[in-house]
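Reviewing the structure listed below.
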Amino acid sequence: MLHRTLIVSALILSATVSQATEPDFYSDKERGWFWKEDPVKKEKPENQPPPPMAPQSNPPDDKIPLDTKWLKENLETIMYRAMDNPTEENLASFAWAQRLMLDMGSRFSSKMSDFMLGEELLDESNRRPTSAFALNQFKSEQNSAVAEVLSKVQAKTQGIWFFYASTCPYCKKMIPVIKRLKQDHGIDVLAISLDGGVIEGMEGIDIVVDYGQEVADRFGVSITPTTYLVLEDNQIARVADGLRSLPELEQKLLRTARQESIISKEEYEKTRDVNELNIYNNENGQLIVDKTRLESDPAYLAEILRQKLSDVQPYGTQRISPNLLQGNPATK
């Protein structure tokens with residue numbers, strides 16, 4: 001209501017000033033309806049320099065600002081003084097200095113929270129959704145990507161080797177995971193027994209015995225369970241040591257496939273549970289910026305870093321296609 005009143009008052013004031021400075025029809029009606037005069041053009045001085053920036057006001061020499069610098073330098077002293085000599089004045093000084101510090105932090109937190117609501121590029125939900133509603137969709141898409149990329153791994157490798165011992169309790173827990181990996185993604189599994197025994201539930205898995213542990217020694221297997229990926233050229237790459245859940249084993253298998261160039265970086269990134277959105281355009285590079293601007297322009301740092309993420313597409317969005325309206329009956 002106050003805002004509307006101010007606007008109306010401003011309009012009335014503007015109209016009053018206009019009537020006081022320019023003749024209208026009622027005050028100059030003798031000239032009729034159709035008179036017109038060109039407005040007087042005000043000459044602007046050429047090459048006029050821009051007005052100087054207003055200098056920051058500094059407190060007089062006998063005044064100091066109670067800012068974060070002052071608190072950092074004095075709060076500890078005020079506290080020790082109150083502890084050593086807890087008079088009413090010393091206790092009040094510390095209590096109110098502490099309140100000043102808390103209010104500074106509260107003001108900063110409130111302003112920062114409000115700023116982050118509008119700074120879409122810094123929204124962490126771009127890496128991984130934070131709401132359950134969007135997270136369910138994100139995980140569904142990730143699972144689909146894992147299945148799609150692992151099908152490529154299955155087609156370009158010979159499968160996995162699973163080193164185990166029948167007396168290893170962790171190997172027993174790992175058998176359902178290995179069987180699920182084989183069932184869900186069609187990846188061939190060869191179980192290599194280091195003690196000649198068989199674990200219950202291994203039906204459907206090919207088993208060989210590593211007599212004398214020659215294969216284990218050749219590939220440096222010293223613990224069970226251990227999982228390897230067998231490449232097309234009969235080379236093997238270590239995937240995981242120890243007991244792993246199915247999602248863990250899938251991610252480690254995908255990472256190994258990426259390291260062995262079986263899948264591309266883009267394919268690998270699609271399967272990650274956190275999107276890789278990084279200011280650095282390369283993995284090992286540095287950011288080089290203008291030293292003078294960095295030291296003199298408070299907006300420069302945000303400006304240069306914002307540009308690095310300018311092409312980020314927020315999760316849950318789709319880019320508009322130039323041909324989006326083609327074929328739409330409503331547009332014909």
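Ligands are numbered from 1 in the order shown, chains are lettered A, B, ... in the order of the structure tokens, and residues start at 1 in each chain.
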Write out as an NGL selection string the set of residues from range 153-232 of chain A that DSSP, computed on the backbone, places in strand (DSSP E or B).
:A and (157-164 or 189-193 or 206-209 or 226-231)
I'd like the neighbourhood of range 311-324 of chain A as a PDB file with N, CA and C atoms, in the first residue's frame, where a residue qualifies if any of its atoms comes within 9 Å (using only C-alpha atoms), though same-chain residues fewer than 3 positions away should be ignored.
```
ATOM      1  N   GLU A 120      21.922 -19.494 -10.657  1.00  0.00           N
ATOM      2  CA  GLU A 120      21.627 -20.847 -11.120  1.00  0.00           C
ATOM      3  C   GLU A 120      22.878 -21.678 -11.383  1.00  0.00           C
ATOM      4  N   LEU A 121      23.946 -21.029 -11.847  1.00  0.00           N
ATOM      5  CA  LEU A 121      25.154 -21.772 -12.195  1.00  0.00           C
ATOM      6  C   LEU A 121      25.823 -22.393 -10.982  1.00  0.00           C
ATOM      7  N   ASP A 123      24.097 -23.626  -8.370  1.00  0.00           N
ATOM      8  CA  ASP A 123      23.138 -24.515  -7.716  1.00  0.00           C
ATOM      9  C   ASP A 123      23.683 -25.940  -7.743  1.00  0.00           C
ATOM     10  N   SER A 125      22.285 -28.625  -7.221  1.00  0.00           N
ATOM     11  CA  SER A 125      21.392 -29.608  -7.826  1.00  0.00           C
ATOM     12  C   SER A 125      21.715 -29.827  -9.301  1.00  0.00           C
ATOM     13  N   ASN A 126      22.557 -28.980  -9.890  1.00  0.00           N
ATOM     14  CA  ASN A 126      23.037 -29.226 -11.254  1.00  0.00           C
ATOM     15  C   ASN A 126      23.975 -30.424 -11.287  1.00  0.00           C
ATOM     16  N   ARG A 127      24.692 -30.647 -10.196  1.00  0.00           N
ATOM     17  CA  ARG A 127      25.560 -31.832 -10.114  1.00  0.00           C
ATOM     18  C   ARG A 127      24.747 -33.079  -9.760  1.00  0.00           C
ATOM     19  N   ARG A 128      23.875 -32.919  -8.776  1.00  0.00           N
ATOM     20  CA  ARG A 128      23.028 -34.026  -8.329  1.00  0.00           C
ATOM     21  C   ARG A 128      21.801 -33.421  -7.665  1.00  0.00           C
ATOM     22  N   PRO A 129      20.592 -33.768  -8.119  1.00  0.00           N
ATOM     23  CA  PRO A 129      19.388 -33.171  -7.537  1.00  0.00           C
ATOM     24  C   PRO A 129      19.321 -33.365  -6.032  1.00  0.00           C
ATOM     25  N   ALA A 134      13.146 -34.880  -7.882  1.00  0.00           N
ATOM     26  CA  ALA A 134      14.074 -34.875  -9.023  1.00  0.00           C
ATOM     27  C   ALA A 134      15.114 -35.982  -8.899  1.00  0.00           C
ATOM     28  N   GLN A 137      14.129 -39.334 -10.504  1.00  0.00           N
ATOM     29  CA  GLN A 137      14.278 -39.323 -11.951  1.00  0.00           C
ATOM     30  C   GLN A 137      15.750 -39.407 -12.345  1.00  0.00           C
ATOM     31  N   PHE A 138      16.599 -38.679 -11.617  1.00  0.00           N
ATOM     32  CA  PHE A 138      18.038 -38.687 -11.891  1.00  0.00           C
ATOM     33  C   PHE A 138      18.604 -40.101 -11.763  1.00  0.00           C
ATOM     34  N   LEU A 277      30.568 -31.142 -13.237  1.00  0.00           N
ATOM     35  CA  LEU A 277      30.489 -29.748 -13.678  1.00  0.00           C
ATOM     36  C   LEU A 277      31.608 -29.002 -12.986  1.00  0.00           C
ATOM     37  N   GLN A 307      31.830 -17.197 -16.454  1.00  0.00           N
ATOM     38  CA  GLN A 307      31.978 -17.518 -17.876  1.00  0.00           C
ATOM     39  C   GLN A 307      32.380 -18.976 -18.076  1.00  0.00           C
ATOM     40  N   LYS A 308      33.128 -19.523 -17.126  1.00  0.00           N
ATOM     41  CA  LYS A 308      33.598 -20.898 -17.256  1.00  0.00           C
ATOM     42  C   LYS A 308      32.452 -21.904 -17.176  1.00  0.00           C
ATOM     43  N   GLY A 327       5.602 -29.754 -37.462  1.00  0.00           N
ATOM     44  CA  GLY A 327       4.754 -30.927 -37.297  1.00  0.00           C
ATOM     45  C   GLY A 327       3.686 -30.746 -36.241  1.00  0.00           C
ATOM     46  N   ASN A 328       3.675 -29.609 -35.540  1.00  0.00           N
ATOM     47  CA  ASN A 328       2.660 -29.346 -34.540  1.00  0.00           C
ATOM     48  C   ASN A 328       1.402 -28.852 -35.244  1.00  0.00           C
TER      49      ASN A 328
END
```
Calculate how many Å separate CA of Thr130 in chain A from CA of Pro247 in chain A, rounding to one decimal.
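CA of Thr130 in chain A sits 20.1 Å away from CA of Pro247 in chain A.
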Secondary structure check, helix (DSSP H, G or I) residues of range 138-243 of chain A, as a PyMOL selection string
chain A and resi 138-156+169-185+211-218
